[in-house]
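**Student:** Got a structure for you, questions after.
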4 protein chains.
Amino acid sequence: MSSTFGKFLTITTFGESHGPAVGVILDGCPPGILLDPETIQHDLDRRRPGQSAVTTQRKEPDQVEILSGVFEGVTTGASIALMVRSVDARSQDYSNLKDLFRPGHADYTYWQKYGIRDYRGSGRSSGRETVSRVAAGAVARRILERDGVRVRAFTVQVADIAALDRDLAFVEQNPVRCPDRKAAAEMERAILSAREAGDSLGGIVETLATGVPPGLGDPVMDKLEASLAWALLSIPAVKGFEVGEGFASAMMRGSEMNDRMTPEGFATNHAGGILGGISNGEPIVTRIAVKPPSSIAIPQKTMDRTGHERDFAISGRHDPCLCPRVVPVAEAMTCLVLADALLRQRAIEPYRPKAGV
Amino acid sequence: MSSTFGKFLTITTFGESHGPAVGVILDGCPPGILLDPETIQHDLDRRRPGQSAVTTQRKEPDQVEILSGVFEGVTTGASIALMVRSVDARSQDYSNLKDLFRPGHADYTYWQKYGIRDYRGSGRSSGRETVSRVAAGAVARRILERDGVRVRAFTVQVADIAALDRDLAFVEQNPVRCPDRKAAAEMERAILSAREAGDSLGGIVETLATGVPPGLGDPVMDKLEASLAWALLSIPAVKGFEVGEGFASAMMRGSEMNDRMTPEGFATNHAGGILGGISNGEPIVTRIAVKPPSSIAIPQKTMDRTGHERDFAISGRHDPCLCPRVVPVAEAMTCLVLADALLRQRAIEPYRPKAGV
Amino acid sequence: MSSTFGKFLTITTFGESHGPAVGVILDGCPPGILLDPETIQHDLDRRRPGQSAVTTQRKEPDQVEILSGVFEGVTTGASIALMVRSVDARSQDYSNLKDLFRPGHADYTYWQKYGIRDYRGSGRSSGRETVSRVAAGAVARRILERDGVRVRAFTVQVADIAALDRDLAFVEQNPVRCPDRKAAAEMERAILSAREAGDSLGGIVETLATGVPPGLGDPVMDKLEASLAWALLSIPAVKGFEVGEGFASAMMRGSEMNDRMTPEGFATNHAGGILGGISNGEPIVTRIAVKPPSSIAIPQKTMDRTGHERDFAISGRHDPCLCPRVVPVAEAMTCLVLADALLRQRAIEPYRPKAGV
Amino acid sequence: MSSTFGKFLTITTFGESHGPAVGVILDGCPPGILLDPETIQHDLDRRRPGQSAVTTQRKEPDQVEILSGVFEGVTTGASIALMVRSVDARSQDYSNLKDLFRPGHADYTYWQKYGIRDYRGSGRSSGRETVSRVAAGAVARRILERDGVRVRAFTVQVADIAALDRDLAFVEQNPVRCPDRKAAAEMERAILSAREAGDSLGGIVETLATGVPPGLGDPVMDKLEASLAWALLSIPAVKGFEVGEGFASAMMRGSEMNDRMTPEGFATNHAGGILGGISNGEPIVTRIAVKPPSSIAIPQKTMDRTGHERDFAISGRHDPCLCPRVVPVAEAMTCLVLADALLRQRAIEPYRPKAGV
C-alpha cells in the first residue's frame, strides 16, 4: 500500500518517469462535487515542465483524462481515476545511465531494495509522479472550497534569498512563485546563474491554508501536523517540515510561544493553526525544505553496478531549482490532508455534544 | 484508526492523563523475539517523570505489565498488549481548569472537535500517552537489534545552547541527555533558571540510527523520511522535522549536497541516510524541534467556555523543558518506523533479483 | 494489523486463552455516547461460560473494566480500552497437550506459521478472544441505538433440528437461544445427549438487524455483505455465511429472486436487506454455519510434534455446541460492521444531492 | 478506501459500466515477477462477455494495457496499473432507465446513498468492474505459481443441477465451466431454456487452491477464511460463502468433522484446508452462491424516483446465468487473498523458530 496516501479520502498513484502514463485513483470523494477537466488541468499546468527559464525544458502537455467517478460533470461517490499520457519521454537520453548510480538520486537504493530498476529517467522515483498528486489535489481543493477553505503555497526562500513580503496576488505573476517582488527577481537571477554554472539551488516553500474550521485533525497518531508532515515529506526532494514557529520554537520560551486567547480570537499564531493535532481556526502555516536538484551538469564522480568509479555528467533537461514546481504539489498534498480531515470530522459531527462560545 | 500508527507493525494506544491506565497493543510483531518486562521497563524508566530537577516532579512508577503475546519469555506472533497503571493522578489539581482553555494546550481544540473534553490534566492530549509509545518501541528495538540496528536520541539544543560534540556515552549521564559535556551543563542551568522564572524552554532532539541495511522504506507514499516525519510529528510538542541537512539544504547547491559514492561507500552523508525514500546504508539522522512546554507558572490571561477573559496560573507539576523526556519517545517512534520497514522489506526479499556490487 | 477489524470504527484485540487478560481498543467511536460498564457487562454475561448445562462449565466472571475513552459516563471521542482479567485459567489442564496437535484445532497451523505456540488452552486461537469482540460490540450497539437500529441473533438450527418460528421474545428465555419453543427443547435435549456421548454438535446462527436506514455500505470492496462476511467468518468455528436467500438463491430464478418495489416498500426481502452492497431499508438477515466444537471427550488418534501417532482424549471443560455462545458474538460483529458503515455514511451525507421519493 | 482490497498486496479499482475505461492499481507486488500482457489477457478473455450462448452478447474485446510497474517484462516493485478501454458501451440502451429503480439492482440503493447515480448500465455497481479484479488476479496468480500454488474455479451447481464429478481438465471445454460432463450439458440446456423464457438462473461456484503451504493466514481478524469471504462476497451477485464442509458442518458431530492427523498427513479435509484461520497444507476449498441475474426480459413492475409504480422490461443484452463468468473472478479474488497471505508470511518467516515434524 506504499503508493496510497490518506485514510478516508485516499489517493493511490502509478507511473514511471518514462512509462506510457502516470495517474491516480482518488477514493472516498463525496458525491455532488462539481468537477470538470479544466479545474484539474489548471493545477497541472502550474506543475508542468517547460513553463519558464527557471524550470526544466522537457515539454509535456500533461493533458488529464477523467476515467471514472464523474457523471454529467458531478462526482458520484465512486472512485475517480485520472490519467496523463506521457509524450516527450525521450528514453534514449538515459540508456547510458543503465549501470550508473547517479549521486543524490535513488538509483542505488532502488537497486538495493528491488534488485532491479527502471533506469529510464528516475523511473518510479521521478518527480513526474507528482502529476498524480496535483491532479488528485485539484479534486480535494474543490471539496474544501465548498467550506471556504483556501490553500496557497509559494517560494519563500531560494539559496540565501528570503521573501519578506507575503503578496499572494504576486505569486503566480513570477516564474519563481515568490510572494515578494524584490526577492522574486533576485531568486530568478540566482537560479539562472546556478543553471549557467551547471549547478542547482535549494529553497523553502511555505503553504498557507485559510478558512480552516476548528476541529480538523485526529489525535493521537493522525494529528493534523503529523499528517501534513507525512504528506509533504513524501514529495521528492523535501528534507524538512515545520509548522508555525517550527524550528524557531526551540529558541522560544513558553511565555512567548503560547498564543493568547481573547474573546476576539487568538492574539498571535505561533502554533501555526494547530493545537494538540487539531486545527484551532487560525491559518495553518507550514514550511518545507527543498533540496537542490541532484541532476547537475557539472561533471561528477560516482560508482557503477560493478563497484567501479566512473566519471559522468548529466546531459538531460533538468530543473535548476525545484521550488517553483513544488508549489502546486505542496498545495495538492495539503488539500488532500485537509479534505481527508474534514470528511472524518463530518462523520462524528452529528454526535458532538453542542459546544460553542 | 487515529490511535493507530504503522502499516505492517502497528501500535494502537489508549489512555488519558488521569485515567486508570495507559497502554498499547503492538500487532504484527514476529515470533521468536526474546522479551522480558525489564527490557521495556528500562526504556519506560528513561521516560518517567520525576527523574531529575529538569523534569516534572509528578511521581509515577510506570510499571509495565505484559498482558499478551509473550509465552515463556518469547513473542509468539500474537498481538502484544502492554499496560501501565496510573498511580499519582491527583485529578483534584485540575478541577479549576474545567471551564478554562489553557493557552498553548489542546483544551480549546478538543472542545471544538468533540464538544466534550476530559479536563483532568490534558486528557488524551497529555504527554502521558507517550508511555504507550515507549513501551511498544522497546519491543521494536528488540526486533532491530537482531539485525544490528541501533537507535539513539539525544538533546542537541536547548534555547540557544547547541551541542557541538556527539559523545553518545555521555548522553545518559546527564539529566538533559545531551551528548556534549559543556553544553549539557549550560542547558541544565538554563532550564533550572527558566523554571525558577516560572517559564519554559524549547529545544531540538536528534535521532541517530546506525547499522540500518540499505533497502528499507517504501516508495512512493511510505518513503522512510515521510514515515519518520509522521511518527515524530505525532509526538506532542514537536513542531518541526528534518532529515540529513534538512533546512540547511535550502542554502546548498547540488554540487555540495550530492553525496559522492565511492567504492568504499558514501564519502559524505548530507542525505541523512535516505535516498528516494529508501535507506542507503549510511546512518539515518533526523532532528525534531520541541516547543517550550505550554504549562508555565507565570500568570497568563486566557478565555473560558463562556467567552470571557480569565486570569490564571498553572499550579501543577510540569516539565520546564521537554527534550530530556522526548529523547526516549523519539527513539521509540524511530524504532517502530524502522522495524515496520524492515518487516515489509523481508516480505519482498525472496523475490528480489540478485543485486550486489 | 491482523488483530484489527474495521475501517473507520476499528477494534484491535489482544489476549490468550490462559493469559492474564483479554481486551480490546475501540477506536473511532464518536463523542457523546452514554456508556456505563453495565451496558457492556450485560452482553459479556450472555457470552460468559458456565451459564447453563449446554455450555462449558469453566467459570469466568468476565468483569469488564473501562480503561479509557469515557469521561463522566460519556464517550469523549478518544480510543476506548476495555479489559477483562482471567480468573479460572487452570493452565495445568493443558500441559499434557504441549507436544500434541489436537484434531480440528489450530495447534498444528499456529506451530507451522510461527514455529512456537502458546499451548495453554488454545492460546490466541481460543474462543476466549471473543470476549473482546462482545465488549466492543456493546459500544457499537449504543451508537446504533441512537438511530433506532436493533441487532438480534439467535440459534436457528442445531444438528438437524431447525427453528421454524421467530419468537424473538423467547430467545433469551432458553439456554440454546432459539426463537422457537418446540425446537428449543429438542435442541437442548440433542446437545445434552451429544455431551453425554462425549461428542459435539454444529448449528446455524441467524442475525437480524432492523431499523437500518438505506444507504449503508460502501461499494465496491466494502459492500455491506462483504464486510459482514469478513466479520462473521473471523469468529472461531464459523464455516459459512449467507445473506438473504443465500445458498437457496442458487436454485431460484431471477423472476422469483427480484424483490418487487412498491410505493409501500419492498414486497419481499429475498435480498436480505442489501442491494449492490448497500442497505435498502429492509431488515438485514444473515446466517452463519457453526461447526461442532473440536474438543470432544471421545478418544481420538492424532499426531505429535515428532511426527508420531498418539492416542488422546480431551479432559477439560468444553462447549458441546457453540451456537448459544456464538449468538452474542455474531450480534457484536454485526453491530461493529453497521456502526462503521453508519459513521462512514455520516461523512458523505452533507455532500449528498437531495434524494427522496 | 472502499475500492481497495487487501492489506499488503492491494488492489484499488475504478470504472463504470459505460465509462471510458475500467482498471486497477495493484500495489505491493514484489519485484522479479515475469509479466507479459498475454498472461493477463488470457484470464480477461475467460471473463469477457460474448464467449458463448450462455453469456451476454455484449461485445467487448477487453484489451488490457499495462501502464506501469513492469520494465522489460519483469515487475519492478512499483505499483502496477492495468487499464481496459470500453468499446461497445451503447449507453443509449439505458436512457429510459434514468428514473426507474430496476428490481434486484443497486439503482435504488446508490440513489439513496449518494443522491446521484450513473444510470448508464449499472454504473459502478456493474459486473464490468470485475475486469479490474481479473486483471490484477492474473498478476497474483504469477506470484503464487512461483511457489507451486494453483487456483481453479468451476461451476458446481446451476439451478438444481449439481456437478458430481470434478474433472478439472473438462472445465474450460464447456461454456458453463462445469467439471462434470453430464451435468455440464444439463446446465447448458437449463440456462438456454431460462433465457428463452426471459428469465435467469442462479448457481454455485467452487474454488480449489492446491499446493498452498501451511502457515498462510493471519489470526485473529485476517483469518484466511475471513479474507476469502470478504473477497468473494465483494463480487456482485454473490449471496453466500462456505469453506470445507461449510453449512453441512451444522449437521455434523465433532467426531465426524475433526480431520484426523496421521504421519502421512490429514486423513480427510472437512476443514477445507484451513484451521484457526491458517492454511494447513491441504487443498483450500470454498463455494459461493451466485444469485440469478436481476436483469430479465420478463416484464416486471417497479417504482420510479417520484414514487410511482411503473411497468418495465429490460431490453439490453444480459447474462442468463452468471456462474460461467464468475469463475475467473472467483479465481482472481482467491489468488489475491493467497498472494497477500503469502507475502505477509514471508515477512515473519526469518524470525520463526525452527519448526518441523
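Letters for chains follow the order of the C-alpha cells (A, B, ...), residue numbers begin at 1 for each chain, and ligand numbers begin at 1 in the order shown.
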Given only C-alpha atoms, how would the per-residue table for chain D near chain A read, listing every residue at most 8 Å away with its closest atom pair and distance in Å to one decimal, sorted by chain and number, as JSON lines?

**Tutor:**
{"residue": "D:Met1", "atom": "CA", "partner": "A:Asp27", "partner_atom": "CA", "distance": 5.6}
{"residue": "D:Ser2", "atom": "CA", "partner": "A:Gly28", "partner_atom": "CA", "distance": 7.1}
{"residue": "D:Ser3", "atom": "CA", "partner": "A:Ser79", "partner_atom": "CA", "distance": 6.7}
{"residue": "D:Lys7", "atom": "CA", "partner": "A:Met1", "partner_atom": "CA", "distance": 7.3}
{"residue": "D:Phe8", "atom": "CA", "partner": "A:Met1", "partner_atom": "CA", "distance": 6.3}
{"residue": "D:Leu9", "atom": "CA", "partner": "A:Met1", "partner_atom": "CA", "distance": 7.0}
{"residue": "D:Thr10", "atom": "CA", "partner": "A:Met1", "partner_atom": "CA", "distance": 6.2}
{"residue": "D:Thr12", "atom": "CA", "partner": "A:Ile25", "partner_atom": "CA", "distance": 7.5}
{"residue": "D:Thr13", "atom": "CA", "partner": "A:Ser79", "partner_atom": "CA", "distance": 7.5}
{"residue": "D:Phe14", "atom": "CA", "partner": "A:Ser79", "partner_atom": "CA", "distance": 5.6}
{"residue": "D:Gly15", "atom": "CA", "partner": "A:Ser68", "partner_atom": "CA", "distance": 5.0}
{"residue": "D:Glu16", "atom": "CA", "partner": "A:Ser68", "partner_atom": "CA", "distance": 6.4}
{"residue": "D:Gly19", "atom": "CA", "partner": "A:Ser68", "partner_atom": "CA", "distance": 6.3}
{"residue": "D:Pro20", "atom": "CA", "partner": "A:Leu67", "partner_atom": "CA", "distance": 5.8}
{"residue": "D:Ala21", "atom": "CA", "partner": "A:Leu67", "partner_atom": "CA", "distance": 6.0}
{"residue": "D:Val22", "atom": "CA", "partner": "A:Leu67", "partner_atom": "CA", "distance": 7.7}
{"residue": "D:Ile25", "atom": "CA", "partner": "A:Phe14", "partner_atom": "CA", "distance": 7.1}
{"residue": "D:Asp27", "atom": "CA", "partner": "A:Met1", "partner_atom": "CA", "distance": 5.7}
{"residue": "D:Gly28", "atom": "CA", "partner": "A:Met1", "partner_atom": "CA", "distance": 6.0}
{"residue": "D:Pro30", "atom": "CA", "partner": "A:Tyr114", "partner_atom": "CA", "distance": 8.0}
{"residue": "D:Pro31", "atom": "CA", "partner": "A:Tyr114", "partner_atom": "CA", "distance": 5.9}
{"residue": "D:Gly32", "atom": "CA", "partner": "A:Ile116", "partner_atom": "CA", "distance": 7.5}
{"residue": "D:Leu67", "atom": "CA", "partner": "A:Pro20", "partner_atom": "CA", "distance": 5.8}
{"residue": "D:Ser68", "atom": "CA", "partner": "A:Gly15", "partner_atom": "CA", "distance": 5.0}
{"residue": "D:Gly69", "atom": "CA", "partner": "A:Gly15", "partner_atom": "CA", "distance": 7.1}
{"residue": "D:Phe71", "atom": "CA", "partner": "A:Asp118", "partner_atom": "CA", "distance": 6.1}
{"residue": "D:Thr76", "atom": "CA", "partner": "A:Ile116", "partner_atom": "CA", "distance": 6.1}
{"residue": "D:Gly77", "atom": "CA", "partner": "A:Tyr114", "partner_atom": "CA", "distance": 6.4}
{"residue": "D:Ala78", "atom": "CA", "partner": "A:Arg124", "partner_atom": "CA", "distance": 6.7}
{"residue": "D:Ser79", "atom": "CA", "partner": "A:Phe14", "partner_atom": "CA", "distance": 5.6}
{"residue": "D:Ile80", "atom": "CA", "partner": "A:Phe14", "partner_atom": "CA", "distance": 6.7}
{"residue": "D:Ala81", "atom": "CA", "partner": "A:Phe14", "partner_atom": "CA", "distance": 6.2}
{"residue": "D:Tyr114", "atom": "CA", "partner": "A:Pro31", "partner_atom": "CA", "distance": 5.9}
{"residue": "D:Gly115", "atom": "CA", "partner": "A:Pro31", "partner_atom": "CA", "distance": 7.7}
{"residue": "D:Ile116", "atom": "CA", "partner": "A:Thr76", "partner_atom": "CA", "distance": 6.2}
{"residue": "D:Arg117", "atom": "CA", "partner": "A:Thr76", "partner_atom": "CA", "distance": 6.3}
{"residue": "D:Asp118", "atom": "CA", "partner": "A:Phe71", "partner_atom": "CA", "distance": 6.1}
{"residue": "D:Arg124", "atom": "CA", "partner": "A:Ala78", "partner_atom": "CA", "distance": 6.7}

**Student:** Could those residues be written to a file, using C-alpha atoms, as a PDB file, in the first residue's frame?

**Tutor:**
ATOM      1  CA  MET D   1     -10.860   3.301   0.639  1.00  0.00           C
ATOM      2  CA  SER D   2     -13.882   1.290  -0.374  1.00  0.00           C
ATOM      3  CA  SER D   3     -12.421   0.498  -3.781  1.00  0.00           C
ATOM      4  CA  LYS D   7      -3.574  -5.448   3.242  1.00  0.00           C
ATOM      5  CA  PHE D   8      -0.063  -5.979   1.925  1.00  0.00           C
ATOM      6  CA  LEU D   9      -0.796  -6.730  -1.709  1.00  0.00           C
ATOM      7  CA  THR D  10      -3.628  -4.343  -2.513  1.00  0.00           C
ATOM      8  CA  THR D  12      -7.684  -0.350  -5.979  1.00  0.00           C
ATOM      9  CA  THR D  13     -10.186  -0.381  -8.810  1.00  0.00           C
ATOM     10  CA  PHE D  14     -12.028   2.212 -10.874  1.00  0.00           C
ATOM     11  CA  GLY D  15     -14.527   2.389 -13.665  1.00  0.00           C
ATOM     12  CA  GLU D  16     -18.176   2.367 -14.513  1.00  0.00           C
ATOM     13  CA  GLY D  19     -17.432   4.983 -18.689  1.00  0.00           C
ATOM     14  CA  PRO D  20     -14.366   5.319 -20.921  1.00  0.00           C
ATOM     15  CA  ALA D  21     -12.345   2.653 -19.118  1.00  0.00           C
ATOM     16  CA  VAL D  22     -12.083   0.291 -16.171  1.00  0.00           C
ATOM     17  CA  ILE D  25      -3.717  -0.357  -9.448  1.00  0.00           C
ATOM     18  CA  ASP D  27       0.325  -2.271  -5.164  1.00  0.00           C
ATOM     19  CA  GLY D  28       2.766  -4.293  -3.101  1.00  0.00           C
ATOM     20  CA  PRO D  30       7.239  -7.941  -5.313  1.00  0.00           C
ATOM     21  CA  PRO D  31       9.888  -7.328  -7.963  1.00  0.00           C
ATOM     22  CA  GLY D  32      11.163 -10.029 -10.264  1.00  0.00           C
ATOM     23  CA  LEU D  67       0.644   1.327 -17.703  1.00  0.00           C
ATOM     24  CA  SER D  68       3.311   0.969 -15.027  1.00  0.00           C
ATOM     25  CA  GLY D  69       5.276  -1.259 -12.704  1.00  0.00           C
ATOM     26  CA  PHE D  71      10.123  -2.984 -17.024  1.00  0.00           C
ATOM     27  CA  THR D  76       9.898  -3.739 -10.568  1.00  0.00           C
ATOM     28  CA  GLY D  77       8.195  -3.485  -7.181  1.00  0.00           C
ATOM     29  CA  ALA D  78       6.379  -0.299  -8.242  1.00  0.00           C
ATOM     30  CA  SER D  79       2.590  -0.090  -8.362  1.00  0.00           C
ATOM     31  CA  ILE D  80       1.169  -1.815 -11.432  1.00  0.00           C
ATOM     32  CA  ALA D  81      -1.636  -0.032 -13.289  1.00  0.00           C
ATOM     33  CA  TYR D 114     -25.262   9.197  -2.945  1.00  0.00           C
ATOM     34  CA  GLY D 115     -28.310  11.163  -4.072  1.00  0.00           C
ATOM     35  CA  ILE D 116     -26.988  10.780  -7.605  1.00  0.00           C
ATOM     36  CA  ARG D 117     -26.359   7.815  -9.834  1.00  0.00           C
ATOM     37  CA  ASP D 118     -24.735   6.979 -13.120  1.00  0.00           C
ATOM     38  CA  ARG D 124     -20.105   1.476 -10.662  1.00  0.00           C
TER      39      ARG D 124
END

**Student:** If you count only C-alpha atoms, which residues fall within 7 Å of stretch 308-320 of chain C, apart from same-chain ones fewer than 5 positions away, as a list in words?

**Tutor:**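 Listing them by chain and then by number gives Val54, Thr55, Thr56, Gln57, Arg58, Asp93, Ile191, Ala194, Arg195, Asp199, Ser200, Leu201, Pro293, Ser295, Ile296, Ala297, Ile298, Pro299, Gln300, Lys301, Thr302 and Met303 of chain C; Thr262 and Pro263 of chain D.
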
**Student:** Would you please give, as a list in words, all residues of stretch 85-220 of chain C that DSSP assigns to strand (DSSP E) based on the backbone?

**Tutor:** Arg85, Leu100, Phe101, Arg150, Val151, Arg152, Ala153, Phe154, Thr155, Val156, Gln157, Val158, Ile161, Ala162, Gly203, Ile204, Val205, Glu206, Thr207, Leu208, Ala209 and Thr210 of chain C

**Student:** What gap, in Å, lies between atom CA of A:Ser132 and atom CA of A:Leu44?

**Tutor:**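 Between atom CA of A:Ser132 and atom CA of A:Leu44 the gap works out to 9.1 Å.
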
**Student:** Give the answer as one residue: which of B:Ser249, B:Gln173, B:Ser52, B:Ser279 has the shortest atom-to-atom distance to A:Gln112, using only C-alpha atoms?

**Tutor:** B:Ser279

**Student:** Tell me, as a list in words, which residues lie within 6 Å of D:Gly244, counting only C-alpha atoms; anything in the same chain fewer than 4 positions away does not count.

**Tutor:**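 The filter keeps His270, Ala271, Gly272 and Val285 of chain D.
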
**Student:** Please list as an MDAnalysis selection string every residue within 8 Å of B:Glu242, counting only C-alpha atoms and excluding residues in the same chain fewer than 2 positions away.

**Tutor:** (chainID A and resid 239:241) or (chainID B and resid 229 240 244:247 286:288)

**Student:** Write the residues of the preceding selection, restricted to N, CA and C atoms, as a CSV table (one decimal), in the first residue's frame.

**Tutor:**
chain,number,residue,atom,x,y,z
A,239,LYS,N,13.3,17.8,2.5
A,239,LYS,CA,14.2,17.3,3.5
A,239,LYS,C,13.8,17.8,4.9
A,240,GLY,N,12.8,18.6,5.0
A,240,GLY,CA,12.4,19.1,6.3
A,240,GLY,C,11.0,19.7,6.2
A,241,PHE,N,10.4,19.8,7.4
A,241,PHE,CA,9.0,20.3,7.6
A,241,PHE,C,8.9,21.0,8.9
B,229,ALA,N,8.7,11.3,9.6
B,229,ALA,CA,8.1,12.6,9.9
B,229,ALA,C,6.7,12.5,10.5
B,240,GLY,N,8.6,20.6,14.3
B,240,GLY,CA,9.4,20.5,13.1
B,240,GLY,C,10.2,19.2,13.0
B,244,GLY,N,18.9,14.5,7.6
B,244,GLY,CA,20.2,14.9,6.9
B,244,GLY,C,20.4,16.4,7.1
B,245,GLU,N,20.7,17.1,6.0
B,245,GLU,CA,20.9,18.5,6.1
B,245,GLU,C,19.6,19.3,6.4
B,246,GLY,N,18.5,18.7,6.1
B,246,GLY,CA,17.2,19.3,6.4
B,246,GLY,C,17.1,20.8,5.9
B,247,PHE,N,16.7,21.7,6.8
B,247,PHE,CA,16.5,23.1,6.3
B,247,PHE,C,17.8,23.7,5.8
B,286,THR,N,18.0,12.3,12.0
B,286,THR,CA,16.8,13.2,12.0
B,286,THR,C,16.9,14.2,13.1
B,287,ARG,N,16.2,15.3,13.0
B,287,ARG,CA,16.1,16.3,14.1
B,287,ARG,C,14.7,16.7,14.2
B,288,ILE,N,14.2,16.9,15.5
B,288,ILE,CA,12.9,17.5,15.7
B,288,ILE,C,13.0,18.7,16.6

**Student:** According to DSSP computed on the backbone, where in stretch 47-282 of chain D is there helix (DSSP H, G or I)? Give the residues as a count of residues only.

**Tutor:** 80

**Student:** With only C-alpha atoms as the counted atoms, please give the residues lying no more than 8 Å from A:Met251, apart from itself and same-chain residues fewer than 3 positions off, as a PyMOL selection string.

**Tutor:** (chain A and resi 247-248) or (chain B and resi 158-160+201-203)

**Student:** Include N, CA and C atoms and write out the residues we just selected as an mmCIF file, in the first residue's frame.

**Tutor:**
data_model
loop_
_atom_site.group_PDB
_atom_site.id
_atom_site.type_symbol
_atom_site.label_atom_id
_atom_site.label_comp_id
_atom_site.auth_asym_id
_atom_site.auth_seq_id
_atom_site.Cartn_x
_atom_site.Cartn_y
_atom_site.Cartn_z
ATOM 1 N N PHE A 247 11.171 25.216 13.811
ATOM 2 C CA PHE A 247 12.467 25.113 14.475
ATOM 3 C C PHE A 247 12.784 26.357 15.297
ATOM 4 N N ALA A 248 12.170 27.464 14.950
ATOM 5 C CA ALA A 248 12.398 28.673 15.746
ATOM 6 C C ALA A 248 11.850 28.511 17.158
ATOM 7 N N VAL B 158 19.036 23.428 23.469
ATOM 8 C CA VAL B 158 18.036 23.938 24.414
ATOM 9 C C VAL B 158 18.175 25.454 24.342
ATOM 10 N N ALA B 159 17.079 26.121 24.074
ATOM 11 C CA ALA B 159 17.144 27.576 23.837
ATOM 12 C C ALA B 159 18.238 27.836 22.806
ATOM 13 N N ASP B 160 19.218 28.685 23.116
ATOM 14 C CA ASP B 160 20.259 28.956 22.107
ATOM 15 C C ASP B 160 21.554 28.211 22.374
ATOM 16 N N LEU B 201 11.396 26.227 28.329
ATOM 17 C CA LEU B 201 12.313 26.348 27.198
ATOM 18 C C LEU B 201 12.054 25.274 26.134
ATOM 19 N N GLY B 202 12.320 25.626 24.889
ATOM 20 C CA GLY B 202 12.256 24.660 23.789
ATOM 21 C C GLY B 202 13.619 24.075 23.501
ATOM 22 N N GLY B 203 13.690 23.230 22.476
ATOM 23 C CA GLY B 203 14.968 22.628 22.124
ATOM 24 C C GLY B 203 14.859 21.744 20.898
#
